[in-house]
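Chemist: Quick one: structure below, then a few questions.
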Amino acid sequence: MVSLNTHTTRKVLQRATMTLGALSLVLVAYGFSRGGFESMEGRLLPKHQMHRSEWVTITAAKVLSGSTIPAEREVMVHIPEEITRITRKVLFGRKGDTVRYWGYCFPQNIHDSSNNVRRGFPGDLFLSEAEREFRRQELIAQRRRTFSVFENLTAQDLNETRNRTQSRIRHQVEIFTGGNTCFVMTEKSIPVGADTDGDGLNNALERGYGSDNKNPDTDGDGILDGLEVFRMGSHPTKRDSDGDGIIDGIEDANRNGRFEPGETNPTQWDTDRDGLCDGLCKVNKGQDLRGEDKNLNGEYEPGSGEYNPRKVDSDGDGVLDEHEVFLCVLGGGDDC
Ligand SMILES: [Ca+2]
Ligand SMILES: [Ca+2]
Ligand SMILES: [Ca+2]
Ligand SMILES: [Ca+2]
């Protein structure tokens, strides 16, 4: 992180931002004049919407605090100088698997982009996973059509067609760096933001989930915010996501955000589905506490009145745990 303490630093950054803004406009005009930009745009935007809407600019400050890229608009995103390195996936909130978006980043040195300028793009391209898949399917369909119309097409002809198409839309940018300006076009709105605490959840999403963007483990349960949201599906601000009394980071013992053999599931209060809750839960309208791992430490301690939350018949005597509890209650036991 660069500290912005001095007045001078701020002035310099302001000037840099203004210069970049002006440069973006020049580059965009350049992109239009080359024509390639328009044909790319046409692949995603419906005809009637092309050039109808005004450009949207997402400033570096907005990216820092977290913002949203609106759907089907021509959007400029300024990557803040404070970001030394951020992956495309984190920057755009990991929406690329389901949302088609694409764009390109203007190089800080315009001469570096000569290859792409020749192809009609003033920068390095990036395409979401969904967009790449869409284009792959389009290409397959296109090749099928080509086969049926020109049956005498040679394999070489086909390869040339394919290479031409692919070289135009090749995905190039996976890492974004501060100071870059990028054009983005998306079919659905997506979150965009820096990841200040490096937990994999960008600042726009942190705000959405109500988590702390300066604390990688907001609820202090041992599992990083990003892992809770994207991998485990648990709640980044709840230590005990499923309410079974055992905190998430004890259920997911190795804290890798995955429910694995030997662990209990942080998002399922009854992991072995025997009707008894993993830890301790209120039953009988809150009058009694029942469950399996009664001291909530993630371990099954035989002989201590506990049951194994990973097994329906903890002691293997043929009587299921839930029935043992039922018999215990019938017999008037006070710790069932
Ligand atoms: Ca974060
Ligand atoms: Ca956590
Ligand atoms: Ca739990
Ligand atoms: Ca159970």
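If you're wondering about the labels, chains in the structure tokens are A, B, ... by order shown, residues count from 1 in each chain, ligands from 1 in order shown.
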Taking only residues of chain A that have an atom at most 10 Å from an atom of ligand 1, what is each one's shortest atom pair and its distance in Å to one decimal, using only C-alpha atoms and all ligand atoms, in chain and number order, as a tab-separated table?
Modeler:
residue	atom	partner	partner_atom_place_in_ligand_line	distance
A:Val90	CA	ligand 1	1 (Ca)	9.0
A:Gly193	CA	ligand 1	1 (Ca)	9.0
A:Ala194	CA	ligand 1	1 (Ca)	7.6
A:Asp195	CA	ligand 1	1 (Ca)	4.3
A:Thr196	CA	ligand 1	1 (Ca)	5.5
A:Asp197	CA	ligand 1	1 (Ca)	4.7
A:Gly198	CA	ligand 1	1 (Ca)	5.2
A:Asp199	CA	ligand 1	1 (Ca)	4.6
A:Gly200	CA	ligand 1	1 (Ca)	5.5
A:Leu201	CA	ligand 1	1 (Ca)	4.1
A:Asn202	CA	ligand 1	1 (Ca)	4.7
A:Asn203	CA	ligand 1	1 (Ca)	5.6
A:Ala204	CA	ligand 1	1 (Ca)	8.8
A:Leu205	CA	ligand 1	1 (Ca)	8.0
A:Glu206	CA	ligand 1	1 (Ca)	6.3
A:Arg207	CA	ligand 1	1 (Ca)	9.6
A:Ser211	CA	ligand 1	1 (Ca)	8.5
A:Asp212	CA	ligand 1	1 (Ca)	7.6
A:Asn213	CA	ligand 1	1 (Ca)	4.8
A:Lys214	CA	ligand 1	1 (Ca)	6.9
A:Asn215	CA	ligand 1	1 (Ca)	7.4
A:Pro216	CA	ligand 1	1 (Ca)	6.1
A:Asp217	CA	ligand 1	1 (Ca)	9.1
A:Thr218	CA	ligand 1	1 (Ca)	9.6
A:Leu224	CA	ligand 1	1 (Ca)	9.1
A:Asp225	CA	ligand 1	1 (Ca)	7.2
A:Gly226	CA	ligand 1	1 (Ca)	7.1
Chemist: Export, as an mmCIF file, in the first residue's frame, the selected residues with C-alpha atoms.
Modeler:
data_model
loop_
_atom_site.group_PDB
_atom_site.id
_atom_site.type_symbol
_atom_site.label_atom_id
_atom_site.label_comp_id
_atom_site.auth_asym_id
_atom_site.auth_seq_id
_atom_site.Cartn_x
_atom_site.Cartn_y
_atom_site.Cartn_z
ATOM 1 C CA VAL A 90 -10.885 -11.146 -7.442
ATOM 2 C CA GLY A 193 -13.107 -3.543 -6.184
ATOM 3 C CA ALA A 194 -9.690 -3.718 -4.595
ATOM 4 C CA ASP A 195 -9.041 -6.478 -2.063
ATOM 5 C CA THR A 196 -7.493 -4.431 0.729
ATOM 6 C CA ASP A 197 -7.075 -7.296 3.223
ATOM 7 C CA GLY A 198 -6.122 -9.890 0.608
ATOM 8 C CA ASP A 199 -8.765 -12.446 1.617
ATOM 9 C CA GLY A 200 -10.029 -12.989 -1.938
ATOM 10 C CA LEU A 201 -13.258 -11.033 -1.365
ATOM 11 C CA ASN A 202 -13.132 -7.636 -3.079
ATOM 12 C CA ASN A 203 -14.271 -4.480 -1.291
ATOM 13 C CA ALA A 204 -17.573 -4.287 -3.194
ATOM 14 C CA LEU A 205 -18.501 -7.798 -2.047
ATOM 15 C CA GLU A 206 -17.241 -7.168 1.507
ATOM 16 C CA ARG A 207 -19.729 -4.311 1.729
ATOM 17 C CA SER A 211 -17.738 -8.061 6.382
ATOM 18 C CA ASP A 212 -14.679 -5.951 7.293
ATOM 19 C CA ASN A 213 -12.515 -5.121 4.264
ATOM 20 C CA LYS A 214 -9.516 -4.582 6.544
ATOM 21 C CA ASN A 215 -9.825 -7.927 8.329
ATOM 22 C CA PRO A 216 -9.269 -11.123 6.306
ATOM 23 C CA ASP A 217 -11.225 -13.185 8.870
ATOM 24 C CA THR A 218 -14.064 -10.884 9.919
ATOM 25 C CA LEU A 224 -10.840 -16.443 5.588
ATOM 26 C CA ASP A 225 -13.780 -14.338 4.343
ATOM 27 C CA GLY A 226 -13.099 -15.280 0.709
#
Chemist: Could you list the protein, DNA and RNA residues that have any atom within 6 Å of ligand 4, counting only C-alpha atoms and all ligand atoms, and write them as a PyMOL selection string?
Modeler: chain A and resi 270-278+309
Chemist: If you keep C-alpha atoms, can you produce a file of those selected residues as a PDB file, in the first residue's frame?
Modeler:
ATOM      1  CA  ASP A 270     -26.723 -32.437  11.309  1.00  0.00           C
ATOM      2  CA  THR A 271     -23.739 -33.733   9.339  1.00  0.00           C
ATOM      3  CA  ASP A 272     -24.558 -37.463   9.631  1.00  0.00           C
ATOM      4  CA  ARG A 273     -28.304 -36.823   9.249  1.00  0.00           C
ATOM      5  CA  ASP A 274     -29.294 -38.948  12.222  1.00  0.00           C
ATOM      6  CA  GLY A 275     -31.612 -36.270  13.594  1.00  0.00           C
ATOM      7  CA  LEU A 276     -29.152 -35.135  16.318  1.00  0.00           C
ATOM      8  CA  CYS A 277     -27.389 -31.829  15.898  1.00  0.00           C
ATOM      9  CA  ASP A 278     -23.561 -31.826  15.501  1.00  0.00           C
ATOM     10  CA  PRO A 309     -21.550 -36.271  14.748  1.00  0.00           C
TER      11      PRO A 309
END
Chemist: Please return as a compact mmCIF listing (two decimals) with C-alpha atoms, in the first residue's frame the residues found within 8 Å of ligand 3, counting only C-alpha atoms and all ligand atoms.
Modeler:
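So the final result, stored in selection-v2.txt, reads:
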# COMPACT_ATOMS: atom_id res chain seq x y z
CA ARG A 239 -18.76 -17.73 13.69
CA ASP A 240 -21.30 -20.57 13.75
CA SER A 241 -22.94 -20.44 10.35
CA ASP A 242 -25.28 -23.44 10.80
CA GLY A 243 -26.20 -22.69 14.43
CA ASP A 244 -25.24 -26.13 15.79
CA GLY A 245 -23.03 -24.61 18.50
CA ILE A 246 -19.67 -25.55 16.92
CA ILE A 247 -17.81 -22.66 15.28
CA ASP A 248 -17.01 -22.91 11.55
CA GLU A 251 -15.98 -27.97 12.07
CA ASN A 265 -20.04 -29.63 7.85
CA PRO A 266 -20.10 -25.93 8.92
CA THR A 267 -23.18 -25.34 6.75
CA GLN A 268 -25.20 -28.41 7.89
CA TRP A 269 -26.31 -28.66 11.53
CA ASP A 278 -23.56 -31.83 15.50
CA GLY A 279 -22.93 -29.81 18.65
Chemist: What's the separation between atom CA of Arg310 of chain A and atom CA of Gly262 of chain A, in Å to one decimal place?
Modeler: 7.4 Å
Chemist: Got a sec: who's within 7 Å of Phe106 of chain A, counting only C-alpha atoms, leaving out chain neighbours fewer than 6 positions off, as a VMD selection string?
Modeler: chain A and resid 122 to 124 180 to 182
Chemist: Next, write the just-selected residues to a file, as a compact mmCIF listing (two decimals), in the first residue's frame, keeping N, CA and C atoms as the atom set.
Modeler:
# COMPACT_ATOMS: atom_id res chain seq x y z
N PRO A 122 -6.97 -1.42 -28.90
CA PRO A 122 -5.90 -0.58 -28.36
C PRO A 122 -5.36 -1.10 -27.05
N GLY A 123 -5.38 -2.38 -26.79
CA GLY A 123 -4.84 -2.88 -25.53
C GLY A 123 -4.91 -4.38 -25.43
N ASP A 124 -4.61 -4.89 -24.23
CA ASP A 124 -4.60 -6.34 -24.00
C ASP A 124 -5.98 -6.80 -23.56
N ASN A 180 -3.43 1.20 -14.40
CA ASN A 180 -4.01 0.83 -15.68
C ASN A 180 -5.42 1.39 -15.83
N THR A 181 -5.80 1.61 -17.08
CA THR A 181 -7.18 1.96 -17.39
C THR A 181 -7.74 0.87 -18.28
N CYS A 182 -8.90 0.35 -17.91
CA CYS A 182 -9.46 -0.77 -18.66
C CYS A 182 -10.89 -0.48 -19.10
Chemist: Which value, in Å to one decimal, gives the distance between atom CA of Gly303 of chain A and atom CA of Ile250 of chain A?
Modeler: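 Between atom CA of Gly303 of chain A and atom CA of Ile250 of chain A the gap is 21.3 Å.
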Chemist: Atom CA of Thr98 of chain A and atom CA of Thr68 of chain A, how far apart in Å?
Modeler: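 Calculated distance between atom CA of Thr68 of chain A and atom CA of Thr98 of chain A is 16.3 Å.
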Chemist: Would you pick out the contacts of Leu227 of chain A at 9 Å or less, using only C-alpha atoms, so that residues sharing its chain but fewer than 4 positions from it are not included, and give the list as a PyMOL selection string?
Modeler: chain A and resi 199-201+223+231-234+236+255-258
Chemist: Restricted to N, CA and C atoms, what would the selected residues look like written as a PDB file, in the first residue's frame?
Modeler:
ATOM      1  N   ASP A 199      -8.082 -11.201   1.278  1.00  0.00           N
ATOM      2  CA  ASP A 199      -8.765 -12.446   1.617  1.00  0.00           C
ATOM      3  C   ASP A 199      -9.527 -13.043   0.439  1.00  0.00           C
ATOM      4  N   GLY A 200      -9.376 -12.450  -0.747  1.00  0.00           N
ATOM      5  CA  GLY A 200     -10.029 -12.989  -1.938  1.00  0.00           C
ATOM      6  C   GLY A 200     -11.423 -12.431  -2.178  1.00  0.00           C
ATOM      7  N   LEU A 201     -11.934 -11.649  -1.227  1.00  0.00           N
ATOM      8  CA  LEU A 201     -13.258 -11.033  -1.365  1.00  0.00           C
ATOM      9  C   LEU A 201     -13.022  -9.549  -1.628  1.00  0.00           C
ATOM     10  N   ILE A 223     -11.544 -19.174   9.405  1.00  0.00           N
ATOM     11  CA  ILE A 223     -11.653 -19.349   7.943  1.00  0.00           C
ATOM     12  C   ILE A 223     -11.744 -17.973   7.285  1.00  0.00           C
ATOM     13  N   ARG A 231     -15.980 -20.768  -1.314  1.00  0.00           N
ATOM     14  CA  ARG A 231     -15.705 -22.188  -1.285  1.00  0.00           C
ATOM     15  C   ARG A 231     -16.667 -22.927  -0.351  1.00  0.00           C
ATOM     16  N   MET A 232     -16.749 -22.465   0.899  1.00  0.00           N
ATOM     17  CA  MET A 232     -17.542 -23.195   1.883  1.00  0.00           C
ATOM     18  C   MET A 232     -19.022 -22.875   1.795  1.00  0.00           C
ATOM     19  N   GLY A 233     -19.334 -21.636   1.446  1.00  0.00           N
ATOM     20  CA  GLY A 233     -20.742 -21.236   1.457  1.00  0.00           C
ATOM     21  C   GLY A 233     -21.222 -20.923   2.857  1.00  0.00           C
ATOM     22  N   SER A 234     -20.280 -20.724   3.778  1.00  0.00           N
ATOM     23  CA  SER A 234     -20.640 -20.335   5.141  1.00  0.00           C
ATOM     24  C   SER A 234     -20.688 -18.806   5.215  1.00  0.00           C
ATOM     25  N   PRO A 236     -19.394 -15.132   6.320  1.00  0.00           N
ATOM     26  CA  PRO A 236     -18.150 -14.504   6.776  1.00  0.00           C
ATOM     27  C   PRO A 236     -18.293 -13.682   8.056  1.00  0.00           C
ATOM     28  N   ARG A 255      -9.385 -25.807   8.107  1.00  0.00           N
ATOM     29  CA  ARG A 255      -9.699 -24.418   7.727  1.00  0.00           C
ATOM     30  C   ARG A 255      -9.365 -24.077   6.281  1.00  0.00           C
ATOM     31  N   ASN A 256      -9.617 -25.038   5.405  1.00  0.00           N
ATOM     32  CA  ASN A 256      -9.338 -24.787   3.986  1.00  0.00           C
ATOM     33  C   ASN A 256     -10.603 -24.457   3.213  1.00  0.00           C
ATOM     34  N   GLY A 257     -11.730 -24.303   3.933  1.00  0.00           N
ATOM     35  CA  GLY A 257     -12.973 -23.936   3.255  1.00  0.00           C
ATOM     36  C   GLY A 257     -13.664 -25.093   2.571  1.00  0.00           C
ATOM     37  N   ARG A 258     -13.206 -26.333   2.857  1.00  0.00           N
ATOM     38  CA  ARG A 258     -13.848 -27.512   2.253  1.00  0.00           C
ATOM     39  C   ARG A 258     -14.300 -28.465   3.353  1.00  0.00           C
TER      40      ARG A 258
END
Chemist: I'd like to know which residues of segment 130-327 of chain A are alpha helix (DSSP H) (by DSSP, run on the backbone); could you write them as a ChimeraX atom specification?
Modeler: /A:130-149,155-168,203-209,225-227,248-251,321-327
Chemist: Selection from above, C-alpha atoms, as a compact mmCIF listing (two decimals), in the first residue's frame, can you write it?
Modeler:
# COMPACT_ATOMS: atom_id res chain seq x y z
CA ALA A 130 -18.43 -17.65 -19.59
CA GLU A 131 -17.54 -15.36 -22.50
CA ARG A 132 -14.72 -17.66 -23.63
CA GLU A 133 -17.07 -20.64 -23.48
CA PHE A 134 -19.74 -18.74 -25.43
CA ARG A 135 -17.23 -17.88 -28.16
CA ARG A 136 -15.94 -21.45 -28.24
CA GLN A 137 -19.47 -22.75 -28.83
CA GLU A 138 -20.05 -20.07 -31.50
CA LEU A 139 -16.89 -21.17 -33.26
CA ILE A 140 -17.97 -24.82 -33.21
CA ALA A 141 -21.38 -23.91 -34.64
CA GLN A 142 -19.72 -21.72 -37.26
CA ARG A 143 -17.41 -24.56 -38.28
CA ARG A 144 -20.36 -26.93 -38.60
CA ARG A 145 -22.12 -24.45 -40.89
CA THR A 146 -18.95 -24.05 -42.93
CA PHE A 147 -18.75 -27.82 -43.37
CA SER A 148 -22.29 -28.12 -44.67
CA VAL A 149 -21.99 -25.23 -47.13
CA ALA A 155 -8.40 -29.13 -43.36
CA GLN A 156 -5.88 -26.38 -44.04
CA ASP A 157 -8.58 -23.90 -45.04
CA LEU A 158 -10.42 -24.70 -41.86
CA ASN A 159 -7.37 -24.22 -39.67
CA GLU A 160 -6.67 -20.84 -41.20
CA THR A 161 -10.20 -19.68 -40.52
CA ARG A 162 -9.97 -20.91 -36.98
CA ASN A 163 -6.63 -19.25 -36.28
CA ARG A 164 -7.81 -15.93 -37.65
CA THR A 165 -10.85 -15.94 -35.40
CA GLN A 166 -8.99 -17.08 -32.32
CA SER A 167 -6.15 -14.61 -32.63
CA ARG A 168 -8.69 -11.78 -32.56
CA ASN A 203 -14.27 -4.48 -1.29
CA ALA A 204 -17.57 -4.29 -3.19
CA LEU A 205 -18.50 -7.80 -2.05
CA GLU A 206 -17.24 -7.17 1.51
CA ARG A 207 -19.73 -4.31 1.73
CA GLY A 208 -22.48 -6.57 0.38
CA TYR A 209 -21.80 -9.28 2.95
CA ASP A 225 -13.78 -14.34 4.34
CA GLY A 226 -13.10 -15.28 0.71
CA LEU A 227 -13.04 -19.01 1.49
CA ASP A 248 -17.01 -22.91 11.55
CA GLY A 249 -13.22 -23.14 11.98
CA ILE A 250 -13.59 -26.11 14.38
CA GLU A 251 -15.98 -27.97 12.07
CA ASP A 321 -27.65 -42.56 18.25
CA GLU A 322 -31.03 -40.88 18.00
CA HIS A 323 -32.72 -43.97 19.47
CA GLU A 324 -30.15 -44.09 22.29
CA VAL A 325 -31.06 -40.50 23.15
CA PHE A 326 -34.78 -41.43 23.03
CA LEU A 327 -34.20 -44.37 25.39
Chemist: Using only C-alpha atoms and all ligand atoms for the distances, tell me which of A:Thr237, A:Ser189, A:Ser67, A:Thr59 is nearest to ligand 2.
Modeler: A:Thr237
Chemist: Nearest to Gly220 of chain A: which of A:Lys89, A:Lys285, A:His235, A:Arg290 is it, counting only C-alpha atoms?
Modeler: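 Result for the nearest residue to Gly220 of chain A: A:His235.
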